[in-house]
Amino acid sequence: MRLNADNIKDYADTVALQARGAGRILDYSLESLDVLEESIRLNDNLLKAENFPEKQRNLLVFYNGCYLGETMAQTLNGVWMFEDNWYESSLLIPRQTDGVQVRPFEKILRRLTEGPEGHDLGTYFRQLKSLLAEPE
């Protein structure tokens with residue numbers, strides 16, 4: 001799959017539409033990352049299983065990473081930096097004199113494989129937002 005400015009939101013919207021089908025609202029807000037986290041937690045044992053198919057994990061990383069990244073782009077004014085390998089794509093989130101680079105696909109992979117301890121998506125976003133608010 002190739003990511004670019006023309007299709008990233010479409011991929012992220014796919015996650016939001018699937019969530020809506022399950023009665024959950026993903027609206028690109030901070031609160032929606034708590035909803036996404038809750039959805040992932042429901043499948044933690046399955047996702048961390050040694051026999052979980054790698055192709056399925058990659059799809060989860062891709063789609064959920066698109067959603068996480070788009071949420072950061074929309075709420076923190078992040079700018080996507082697309083790479084040929086979608087996993088290496090990142091966002092640059094501006095600060096007063098510099099920026100913070102974040103890697104949403106890497107964050108999702110760590111969350112899926114290592115669990116919520118230290119990788120909770122809502123907590124991650126809140127910490128990032130707090131970091132961005134600190135004087136430089």
# chains A, B, ... in the order shown; residues from 1 in each chain; ligands from 1
call {"tool": "residues_around", "arguments": {"residues": "Lys107 in chain A", "least_positions_apart": "3", "cutoff": "10 Å", "atoms": "only C-alpha atoms", "output": "number ranges by chain"}}
result
A: 61, 64-65, 68-69, 102-104, 110-112, 119-121, 124
call {"tool": "write_last_selection", "arguments": {"atoms": "N, CA and C atoms", "output": "compact mmCIF listing (two decimals), in the first residue's frame"}}
result
# COMPACT_ATOMS: atom_id res chain seq x y z
N VAL A 61 -1.80 -2.57 11.89
CA VAL A 61 -0.84 -1.46 12.07
C VAL A 61 -1.11 -0.38 11.04
N ASN A 64 -4.86 1.32 11.66
CA ASN A 64 -4.90 2.04 12.93
C ASN A 64 -3.85 3.14 12.99
N GLY A 65 -2.70 2.90 12.36
CA GLY A 65 -1.67 3.94 12.28
C GLY A 65 -2.12 5.13 11.46
N LEU A 68 -4.49 7.00 13.85
CA LEU A 68 -3.73 7.71 14.88
C LEU A 68 -3.02 8.93 14.28
N GLY A 69 -2.36 8.73 13.16
CA GLY A 69 -1.65 9.83 12.52
C GLY A 69 -2.57 10.94 12.06
N VAL A 102 6.80 12.35 15.05
CA VAL A 102 6.16 11.16 15.64
C VAL A 102 5.94 10.12 14.56
N ARG A 103 5.94 8.88 14.98
CA ARG A 103 5.81 7.74 14.05
C ARG A 103 4.59 6.91 14.47
N PRO A 104 3.43 7.23 13.90
CA PRO A 104 2.21 6.55 14.35
C PRO A 104 2.18 5.05 14.07
N ARG A 110 3.97 -1.21 18.39
CA ARG A 110 4.39 -1.46 19.78
C ARG A 110 3.17 -1.70 20.66
N ARG A 111 2.11 -0.97 20.44
CA ARG A 111 0.90 -1.15 21.24
C ARG A 111 0.33 -2.55 21.02
N LEU A 112 0.28 -2.99 19.78
CA LEU A 112 -0.29 -4.31 19.48
C LEU A 112 0.55 -5.46 20.01
N HIS A 119 2.01 2.06 26.45
CA HIS A 119 1.66 2.28 25.04
C HIS A 119 0.20 2.63 24.84
N ASP A 120 -0.53 2.93 25.90
CA ASP A 120 -1.93 3.32 25.80
C ASP A 120 -2.04 4.53 24.87
N LEU A 121 -2.90 4.45 23.87
CA LEU A 121 -2.97 5.48 22.84
C LEU A 121 -3.48 6.82 23.37
N TYR A 124 -0.68 8.33 25.46
CA TYR A 124 0.38 8.78 24.53
C TYR A 124 0.03 10.15 23.94
call {"tool": "residues_around", "arguments": {"residues": "Cys66 in chain A", "least_positions_apart": "3", "cutoff": "9 Å", "atoms": "only C-alpha atoms", "output": "list in words"}}
result
Ile8, Lys9, Asp10, Tyr11, Ala12, Asp13, Val15, Val61, Phe62, Tyr63, Gly69, Glu70, Thr71, Pro104 and Phe105 of chain A
call {"tool": "write_last_selection", "arguments": {"atoms": "N, CA and C atoms", "output": "short mmCIF file (atom, residue, chain, number, x, y, z; two decimals), in the first residue's frame"}}
result
data_model
loop_
_atom_site.label_atom_id
_atom_site.label_comp_id
_atom_site.auth_asym_id
_atom_site.auth_seq_id
_atom_site.Cartn_x
_atom_site.Cartn_y
_atom_site.Cartn_z
N ILE A 8 -4.51 9.17 2.60
CA ILE A 8 -4.35 8.87 4.03
C ILE A 8 -5.66 8.98 4.79
N LYS A 9 -6.44 10.01 4.52
CA LYS A 9 -7.71 10.19 5.23
C LYS A 9 -8.69 9.08 4.87
N ASP A 10 -8.66 8.61 3.63
CA ASP A 10 -9.55 7.51 3.24
C ASP A 10 -9.25 6.26 4.06
N TYR A 11 -7.98 5.95 4.24
CA TYR A 11 -7.61 4.78 5.05
C TYR A 11 -8.02 4.97 6.50
N ALA A 12 -7.81 6.17 7.03
CA ALA A 12 -8.21 6.45 8.41
C ALA A 12 -9.73 6.37 8.56
N ASP A 13 -10.45 6.88 7.58
CA ASP A 13 -11.91 6.82 7.63
C ASP A 13 -12.42 5.38 7.64
N VAL A 15 -11.21 2.93 9.32
CA VAL A 15 -11.23 2.53 10.74
C VAL A 15 -12.45 3.13 11.43
N VAL A 61 -1.80 -2.57 11.89
CA VAL A 61 -0.84 -1.46 12.07
C VAL A 61 -1.11 -0.38 11.04
N PHE A 62 -1.31 -0.78 9.79
CA PHE A 62 -1.52 0.18 8.72
C PHE A 62 -2.77 1.03 8.98
N TYR A 63 -3.91 0.40 9.12
CA TYR A 63 -5.16 1.15 9.24
C TYR A 63 -5.23 1.95 10.55
N GLY A 69 -2.36 8.73 13.16
CA GLY A 69 -1.65 9.83 12.52
C GLY A 69 -2.57 10.94 12.06
N GLU A 70 -3.70 10.59 11.47
CA GLU A 70 -4.64 11.62 11.02
C GLU A 70 -5.23 12.38 12.20
N THR A 71 -5.45 11.69 13.32
CA THR A 71 -5.94 12.38 14.51
C THR A 71 -4.90 13.41 14.97
N PRO A 104 3.43 7.23 13.90
CA PRO A 104 2.21 6.55 14.35
C PRO A 104 2.18 5.05 14.07
N PHE A 105 2.79 4.61 12.98
CA PHE A 105 2.75 3.17 12.68
C PHE A 105 3.62 2.39 13.66
#
call {"tool": "atom_distance", "arguments": {"atom1": "CA of Arg95 in chain A", "atom2": "CA of Leu132 in chain A"}}
result
6.4 Å
call {"tool": "closest_residue", "arguments": {"among": "A:Thr14, A:Gln96, A:Ser130, A:Thr113", "to": "Glu50 in chain A", "atoms": "only C-alpha atoms"}}
result
A:Thr113
call {"tool": "closest_residue", "arguments": {"among": "A:Tyr67, A:Asn58, A:Ile25, A:Arg20", "to": "Asn7 in chain A", "atoms": "only C-alpha atoms"}}
result
A:Tyr67
call {"tool": "closest_residue", "arguments": {"among": "A:Asn4, A:Leu30, A:Pro116, A:Leu17", "to": "Asp84 in chain A", "atoms": "only C-alpha atoms"}}
result
A:Asn4
call {"tool": "select_by_dssp", "arguments": {"residues": "chain A", "states": "alpha helix (DSSP H)", "output": "ChimeraX atom specification"}}
result
/A:8-21,30-41,44-47,54-76,104-114,121-133
call {"tool": "residues_around", "arguments": {"residues": "Lys129 in chain A", "least_positions_apart": "2", "cutoff": "12 Å", "atoms": "only C-alpha atoms", "output": "PyMOL selection string"}}
result
chain A and resi 30+72+75-78+93-95+100+102+122-127+131-134
call {"tool": "write_last_selection", "arguments": {"atoms": "C-alpha atoms", "output": "PDB file, in the first residue's frame"}}
result
ATOM      1  CA  LEU A  30      -8.533  12.919  21.784  1.00  0.00           C
ATOM      2  CA  MET A  72      -2.577  13.968  15.355  1.00  0.00           C
ATOM      3  CA  THR A  75      -5.751  18.118  16.257  1.00  0.00           C
ATOM      4  CA  LEU A  76      -2.074  19.083  16.587  1.00  0.00           C
ATOM      5  CA  ASN A  77      -1.505  20.557  13.112  1.00  0.00           C
ATOM      6  CA  GLY A  78       0.842  17.730  12.199  1.00  0.00           C
ATOM      7  CA  ILE A  93       4.174  18.495  14.664  1.00  0.00           C
ATOM      8  CA  PRO A  94       5.236  22.147  14.911  1.00  0.00           C
ATOM      9  CA  ARG A  95       6.305  23.961  18.050  1.00  0.00           C
ATOM     10  CA  VAL A 100       8.406  17.016  17.124  1.00  0.00           C
ATOM     11  CA  VAL A 102       6.163  11.164  15.638  1.00  0.00           C
ATOM     12  CA  GLY A 122      -4.980   8.056  24.810  1.00  0.00           C
ATOM     13  CA  THR A 123      -2.180   8.498  27.338  1.00  0.00           C
ATOM     14  CA  TYR A 124       0.376   8.780  24.533  1.00  0.00           C
ATOM     15  CA  PHE A 125      -1.628  11.545  22.880  1.00  0.00           C
ATOM     16  CA  ARG A 126      -2.111  13.432  26.160  1.00  0.00           C
ATOM     17  CA  GLN A 127       1.613  13.237  26.929  1.00  0.00           C
ATOM     18  CA  LEU A 131       5.059  18.128  25.660  1.00  0.00           C
ATOM     19  CA  LEU A 132       4.019  20.438  22.844  1.00  0.00           C
ATOM     20  CA  ALA A 133       2.531  22.909  25.334  1.00  0.00           C
ATOM     21  CA  GLU A 134       5.759  23.167  27.379  1.00  0.00           C
TER      22      GLU A 134
END
call {"tool": "atom_distance", "arguments": {"atom1": "CA of Ser90 in chain A", "atom2": "CA of Arg57 in chain A"}}
result
19.1 Å
call {"tool": "residues_around", "arguments": {"residues": "Trp80 in chain A", "least_positions_apart": "2", "cutoff": "8 Å", "atoms": "only C-alpha atoms", "output": "list in words"}}
result
Ala5, Ala73, Gly78, Phe82, Ser89, Ser90, Leu91 and Leu92 of chain A
call {"tool": "write_last_selection", "arguments": {"atoms": "N, CA and C atoms", "output": "tab-separated table (two decimals), in the first residue's frame"}}
result
chain	number	residue	atom	x	y	z
A	5	ALA	N	-0.88	12.19	0.48
A	5	ALA	CA	-1.85	13.15	0.99
A	5	ALA	C	-3.24	12.93	0.42
A	73	ALA	N	-2.59	14.77	13.06
A	73	ALA	CA	-2.50	15.80	12.03
A	73	ALA	C	-3.61	16.83	12.21
A	78	GLY	N	-0.28	18.52	12.71
A	78	GLY	CA	0.84	17.73	12.20
A	78	GLY	C	0.85	17.68	10.68
A	82	PHE	N	5.55	11.45	4.06
A	82	PHE	CA	5.34	10.12	3.51
A	82	PHE	C	6.65	9.54	2.98
A	89	SER	N	6.62	6.26	7.35
A	89	SER	CA	6.00	7.58	7.28
A	89	SER	C	5.80	8.13	8.69
A	90	SER	N	5.88	9.45	8.81
A	90	SER	CA	5.80	10.08	10.12
A	90	SER	C	5.08	11.42	10.00
A	91	LEU	N	4.91	12.06	11.12
A	91	LEU	CA	4.34	13.40	11.15
A	91	LEU	C	5.31	14.34	11.84
A	92	LEU	N	5.34	15.54	11.35
A	92	LEU	CA	6.09	16.60	12.02
A	92	LEU	C	5.05	17.52	12.64
